[in-house]
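What follows is one structure encoded as structure tokens, with my remarks underneath.
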Amino acid sequence: MSNENGLIYRISGPVVTAVGISPRMYEVVRVGDEGLMGEVIELHGDQSVIQVYEETSGISPGEPVIRTGQTLSVQLGPGLLTQIYDGIQRPLPKLEETMGVFITRGVDADGLDFEKEWEFKASVDKGDEISSGHVIGTVQETETIEHRVMVPPNVSGKVKSIKSGTFTIKETVCVLEDGSEIAMMQEWPVRHPRPFVQKYAPDVPLITGQRILDFLFPLAKGGTAGIPGPFGSGKTVTQQQLAKWSDAQIVVYIGCGERGNEMTEVLDEFPHLIDPNTNKPLMNRTVMIANTSNMPVAAREASVYTGITIAEYFRDMGYNVALMADSTSRWAEAMREISSRLEEMPGEEGYPAYLSSRLAEFYERAGRVQTLAGSDGSVSVIGAVSPPGGDISEPVSQGTLRIVKVFWGLDAGLARQRHFPAINWLNSYSLYPQALDQWYRDNIASDFPEVRTEISTLLQIESELQEIVQLVGSDALPIDQQLTLEVARMIREFFLQQNAFHDVDTFSDLDLQYHMAKAILTFQEEAKKAIAGGGQLEDVVNVPARTDLMRGRFEKGYAERISDLMSEMSKQIDASMEAN
Amino acid sequence: MIGKEYRTITDVKGPLVFLNKTEPVSYGEIVQLMLSDGSIKNGQVLDTSDDQVIVQVFEGTASVDRQTGVKFLGDVFKLPVSKGLIGRILDGAGRPRDGGPDIVADDMADIIGAAINPYSRQSPESFIQTGISAIDACTSLVRGQKLPIFSASGLPHNDIALQIARQAKLVGSDDDFVVVFCAMGITAEEYNFFVHDLERTGALENSALFVNLADDPAVERLITPRLALTAAEYLAFEHDYHVLVIYTDMTNYCESLRQIGAAREEVPGRRGYPGYMYTDLAMLYERAGLVKGKKGSITQFPILTMPGDDITHPIPDLSGYITEGQIVISRELHQKGIYPPINVLPSLSRLMNAGIGDGKTREDHKSVSDQLYAAYAQGKELRGLVAIVGEDALNERDLQLLKFADIFEDQFLRQSRDEDRSISEGTLDLAWNLLSNIDTKYLVRLDQKWIDKYHPDEKSGKEEE
Ligand SMILES: Nc1ncnc2c1ncn2[C@@H]1O[C@H](COP(=O)(O)OP(=O)(O)OP(=O)(O)O)[C@@H](O)[C@H]1O
Ligand SMILES: [Mg+2]
């Protein structure tokens, strides 16, 4: 490495210019007397432009800048789960220990604990041929997750020795014939996707327990989804619901430029919430990255890369990983801020011209893959988008919608009516149903796709009818159309609305979702029959059993009772006809 | 005072001064400008390099010339803090404005403030009773929350803020709030209104005021809220106070931010406001909350006036993206003569769920609030329909809801400026009384068990038995 030491020439917010060194692009450097961490983002004549991950006030030109030779990387190994990091993988509990409750600066902290010992179980033997990505042993990292220790990149050969036992993550557990030593920890540069053998088309749904998502606009394991919406429309609640209830094995939750209290909420709640799939606390499968809105913007820019690299690492072990980024708009704004300090030529709305390619590169890191070890793993990515004024014609929303396959459009109007989740069923979409339908037929019900189509068709028809109602009132409609309106209302209030804060309603498994949808269609059918037989719409709609059926979803054991409630409803509707 | 005096100003542009210098100046450093007439201005370094330093001058650059002396004070902006701040009135740059002595500092605190480690926060969950029904029932405030008032010019947001400041209390606790009040570019008249009210109620002794008025330097507004929040943090986290920070008007603050951006020829974001306005505002709003191991708390009530009553304007929009809800003041209600004219429909408290319910407010609170909201929303919507098709076209249910919307505005929202309603008897019981104008069969958001227990007909029915 040539000329390792340089000097600060200029400071402008998070951007520092150094002279006297010629580092590589994206190399990590130490800035100023306090050695603040920074990353080289532009080389310009004899000047190197650095984004600094900590507050820069009080730093002066003339202070030193030191090269490290490293690029921005994360430490990967046992100890990631249950941890909460800032954008550059410093554990927040560690920062609290050294700095107290306020984040000051100039403190380094490793992403993983080098002292802690883990029980390593070797799974290969002396003489085995291994190469990069192969699993050589396991560690029970949390109650529910087995950490699969993989051969680091660019290492391969024949095992000379390997031992099970108790080790720290930096101790050698395996030696190859050529003398290379393998420990449980490896490092990976965050801006580079981790390698895999090939990508598969996703064909299994990521089940979230959220009815409108799973049933109407499903996401596949390894798929991508965008959630744009104005403030207060439910982006964070939706993301947190996915972090809680989706059937991913690992969850990486990135709080990117959002509120501190929202991270606290996750920290408070997750250790007490029980994962319906494992019956153990959700925290066991979770890694959190918190770079809140008031933390340095450069670290916010890095946070999504830190998160996705950790997600890929677990994918490479053969896990299904779900990553939530709340909010990608704040990430884009961090790019914009840095770009404007660099005096780059701005693109639309001041965002850098490379905004859409950065977004695309990020979402491209999602996918279902064959790992180097030959197993199947996936990263699903769900990004919140916060469009100014809720108007999605802006660059971040548009750049996202061009890439993602699922669009969950949050709607201010629905949120204001307290219809939650406030996902607009008319303009949201998912491009996955076709690929997933076979799975639904095989695993849930052979007519699942048809039921979905009926439900969404009813919602479409409702919106057309509503236009007429606005003009003439609903009484003016023929009776069959009035019934359609009632059925659609039932879809909205009973099925689509789902209270995230209600113990029972917060999660519905796919079976239950299917039965609820069937119950609505059954109501429609019975009601039609009753009305044809002379029944009054008013009576049919008001049968007490229908109310019971609808209210029942808030009670435990609903899945077991729904068929009974349904037949009771049919019976009463029948009776209401005879009463006439 | 350290540092040499330079006379190397090359350019002056808007509130910015550019100079060449010889020795290194640090980013964010405080600067003094000595004008030829002997007056002094203050500023802060916005950009620094070996060749050029850019200084933002708080008092504006009027009368600055190339001969103006510039001194770098070797430190970032700090506020002298002590408990003695309570009861004092300071100007927008932190100097006494009440004729009193300088603050005797226990400590000097950096006004930029460090971010609270998200891991070190504690979730806000203690209900604050404001005595205002619309807020207490529908957008309940909790200690440590940041809940802005979205208003517009000519609306009584100041009265509401003051009423909250006067009445705010934790139910079942005698912990008092200390008020930190921060004025940014408001008129002398508005300011006097605040001060008189605080004086009248004796709250002034329990308040610290930071005041930048409309005719004070605009750029100074960028530091005034930082001073106020620094004082608030000191009082909350060093001295266990529960601090209520009221700042007004955020819109003026944002205008100053825009002015600096323009002077620096930055690429503007939406409507000319800087692209980093979100982050800048977050650096203020996020200085609210509770932290582990400290008894005190900071609750924030920023007030902003929405230009053109437009909630999608960048100032309310970016604020809404950061704060934990909003209280929206309605011109329509104001024109109907209703005080406080709070439109509960677009208002929201995101931390409400954590602060209400059994043991906190009352077990039926959530149900009642949902029901009030739903009934009022539907009633209000029906007003639109009635305008087209007339009342005759409405069925019984709709008629009741329509009537309820009026009752709700007239009796629930409306209260006097010194009426302090308790949550249980004052607000929730009132809500039940008003809801009893609607047939229970239409009150689908209310659990039967609460109807049995709280509905006035049921209650009186039981008493008769
Ligand atoms: N599924 C839901 N069930 C019940 N309430 C919900 C649901 N989704 C959203 N809400 C309500 O809406 C409020 C705002 O939601 P949320 O915080 O997720 O909005 P957001 O889109 O993330 O806003 P911002 O962009 O400002 O962060 C919540 O505090 C909650 O009251
Ligand atoms: Mg959010």
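Residue numbers start at 1 in each chain; chains themselves are named A, B, ... in the order of the structure tokens; ligands are numbered from 1 in the order shown.
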Protein and nucleic acid residues within 10 Å of ligand 2 (only C-alpha atoms and all ligand atoms) as a VMD selection string: (chain A and resid 229 to 240 255 257 to 259 262 326 to 327 384 to 386) or (chain B and resid 320 to 324)
Neighbour list for range 435-441 of chain A as a PDB file with C-alpha atoms, in the first residue's frame, cut-off 9 Å, only C-alpha atoms, skip fewer than 4 positions in-chain:
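The file below, part.pdb, is the result:
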ATOM      1  CA  ALA A 201     -37.803 -18.971 -10.283  1.00  0.00           C
ATOM      2  CA  PRO A 202     -39.641 -18.629  -6.975  1.00  0.00           C
ATOM      3  CA  ASP A 203     -42.577 -21.035  -6.696  1.00  0.00           C
ATOM      4  CA  VAL A 204     -43.360 -21.190  -2.979  1.00  0.00           C
ATOM      5  CA  PRO A 205     -45.259 -18.384  -1.244  1.00  0.00           C
ATOM      6  CA  PRO A 218     -48.833 -12.902  -2.479  1.00  0.00           C
ATOM      7  CA  ALA A 220     -42.942 -15.631  -3.167  1.00  0.00           C
ATOM      8  CA  LEU A 431     -46.907 -10.970 -10.425  1.00  0.00           C
ATOM      9  CA  ALA A 445     -57.224 -26.424  -1.713  1.00  0.00           C
ATOM     10  CA  SER A 446     -57.616 -27.458  -5.294  1.00  0.00           C
ATOM     11  CA  ASP A 447     -59.850 -24.477  -6.049  1.00  0.00           C
ATOM     12  CA  PHE A 448     -57.760 -21.888  -4.198  1.00  0.00           C
ATOM     13  CA  PRO A 449     -56.894 -19.843  -7.313  1.00  0.00           C
TER      14      PRO A 449
END
From B:Asp65, B:Leu244, B:Lys78, B:Ser424, residue lying nearest Asp358 in chain B [only C-alpha atoms]: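 Counting only C-alpha atoms, the residue closest to Asp358 in chain B is B:Ser424.
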Residues of chain A within 7 Å of chain B, only C-alpha atoms counted, as a ChimeraX atom specification: /A:9-12,56-62,92-93,96,101-104,231,259-261,263-265,293-295,337,340,349-350,388-389,416
For Val197 in chain A: contacts at 9 Å, only C-alpha atoms, fewer than 6 positions along chain excluded, given as a ChimeraX atom specification: /A:369-374
Serialized selection, N, CA, C and O atoms, as a tab-separated table (two decimals), in the first residue's frame:
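Output contents, as saved in out11.tsv:
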chain	number	residue	atom	x	y	z
A	369	VAL	N	-32.12	-19.30	-4.61
A	369	VAL	CA	-30.91	-19.75	-5.30
A	369	VAL	C	-30.52	-21.17	-4.91
A	369	VAL	O	-30.93	-21.70	-3.87
A	370	GLN	N	-29.69	-21.75	-5.79
A	370	GLN	CA	-28.96	-22.95	-5.40
A	370	GLN	C	-27.65	-22.43	-4.83
A	370	GLN	O	-26.91	-21.70	-5.49
A	371	THR	N	-27.38	-22.77	-3.59
A	371	THR	CA	-26.20	-22.22	-2.93
A	371	THR	C	-24.95	-22.97	-3.40
A	371	THR	O	-25.05	-24.02	-4.04
A	372	LEU	N	-23.80	-22.43	-3.04
A	372	LEU	CA	-22.55	-23.09	-3.42
A	372	LEU	C	-22.50	-24.49	-2.84
A	372	LEU	O	-21.88	-25.39	-3.40
A	373	ALA	N	-23.17	-24.68	-1.70
A	373	ALA	CA	-23.17	-25.99	-1.07
A	373	ALA	C	-24.20	-26.91	-1.71
A	373	ALA	O	-24.35	-28.06	-1.31
A	374	GLY	N	-24.95	-26.37	-2.68
A	374	GLY	CA	-25.91	-27.21	-3.38
A	374	GLY	C	-27.30	-27.22	-2.77
A	374	GLY	O	-28.20	-27.88	-3.28
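Our summary of the geometry notes that CA of Tyr558 in chain A is positioned 27.3 Å from atom 14 (C, counted along the ligand's line) of ligand 1.
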Distance in Å - CA of Gly209 in chain A versus CA of Asp509 in chain A: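 Answer for the CA of Gly209 in chain A to CA of Asp509 in chain A separation: 5.2 Å.
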Spatial neighbours of Ala262 in chain B, max dist 10 Å, only C-alpha atoms, sep filter under 2 positions, as a list in words: Lys13, Gly14, Pro15, Ser256, Leu257, Arg258, Gln259, Ile260, Arg264, Glu265, Glu266, Val267, Pro268, Gly272, Tyr273 and Pro274 of chain B
DSSP strand (DSSP E or B) residues within range 130-176 of chain B, listed as a list in words: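 Reading the DSSP output for range 130-176 of chain B, strand (DSSP E or B) covers Leu141, Val142, Lys146, Ile149, Phe150, Ser151, Lys169 and Leu170 of chain B.
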Atom pair CA of Val179 in chain B / CA of Ala236 in chain B: separation (Å):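 Calculated distance between CA of Val179 in chain B and CA of Ala236 in chain B is 11.1 Å.
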Distance criterion (only C-alpha atoms and all ligand atoms): nearest to ligand 1 out of A:Lys405, A:Arg211, A:Arg365, A:Arg546: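 Closest residue, counting only C-alpha atoms and all ligand atoms: A:Arg211.
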Best match for closeness to ligand 1 among B:Leu213, B:Leu382, B:Ile246, B:Met352, counting only C-alpha atoms and all ligand atoms: B:Met352
Contact residues around Asp106 in chain B with only C-alpha atoms at 10 Å, ignoring same-chain residues under 3 positions, as a VMD selection string: chain B and resid 80 to 84 103 109
Expected file: the selected residues, N, CA and C atoms, as a PDB file, in the first residue's frame:
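So selection_28.pdb came out as:
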ATOM      1  N   PRO B  80     -24.689  27.141  27.796  1.00  0.00           N
ATOM      2  CA  PRO B  80     -24.463  26.939  29.233  1.00  0.00           C
ATOM      3  C   PRO B  80     -25.747  26.397  29.857  1.00  0.00           C
ATOM      4  N   VAL B  81     -25.640  25.269  30.509  1.00  0.00           N
ATOM      5  CA  VAL B  81     -26.858  24.682  31.077  1.00  0.00           C
ATOM      6  C   VAL B  81     -26.757  24.587  32.597  1.00  0.00           C
ATOM      7  N   SER B  82     -27.902  24.768  33.226  1.00  0.00           N
ATOM      8  CA  SER B  82     -28.006  24.537  34.663  1.00  0.00           C
ATOM      9  C   SER B  82     -29.490  24.554  34.977  1.00  0.00           C
ATOM     10  N   LYS B  83     -29.841  24.171  36.180  1.00  0.00           N
ATOM     11  CA  LYS B  83     -31.241  24.227  36.575  1.00  0.00           C
ATOM     12  C   LYS B  83     -31.763  25.654  36.551  1.00  0.00           C
ATOM     13  N   GLY B  84     -30.810  26.604  36.625  1.00  0.00           N
ATOM     14  CA  GLY B  84     -31.171  28.009  36.580  1.00  0.00           C
ATOM     15  C   GLY B  84     -31.839  28.440  35.284  1.00  0.00           C
ATOM     16  N   ILE B 103     -26.642  32.948  32.546  1.00  0.00           N
ATOM     17  CA  ILE B 103     -26.853  31.646  33.174  1.00  0.00           C
ATOM     18  C   ILE B 103     -25.524  31.172  33.765  1.00  0.00           C
ATOM     19  N   ALA B 109     -23.192  22.424  26.991  1.00  0.00           N
ATOM     20  CA  ALA B 109     -23.679  21.289  26.200  1.00  0.00           C
ATOM     21  C   ALA B 109     -23.698  21.636  24.715  1.00  0.00           C
TER      22      ALA B 109
END
For Asp128 in chain A: contacts at 8 Å, only C-alpha atoms, fewer than 2 positions along chain excluded, given as a list in words: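 Close residues of Asp128 in chain A: Val124, Asp125, Lys126, Ile130, Lys158 and Val159 of chain A.
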Selection near range 309-315 of chain A, 8 Å with only C-alpha atoms, sequence-local residues under 3 positions removed, as a PyMOL selection string: chain A and resi 74+76+188+190+193-194+250-252+305-306+318-323+365+371+377-379
Which of range 360-411 of chain B fall in alpha helix (DSSP H), as a PyMOL selection string: chain B and resi 365-389+396-407
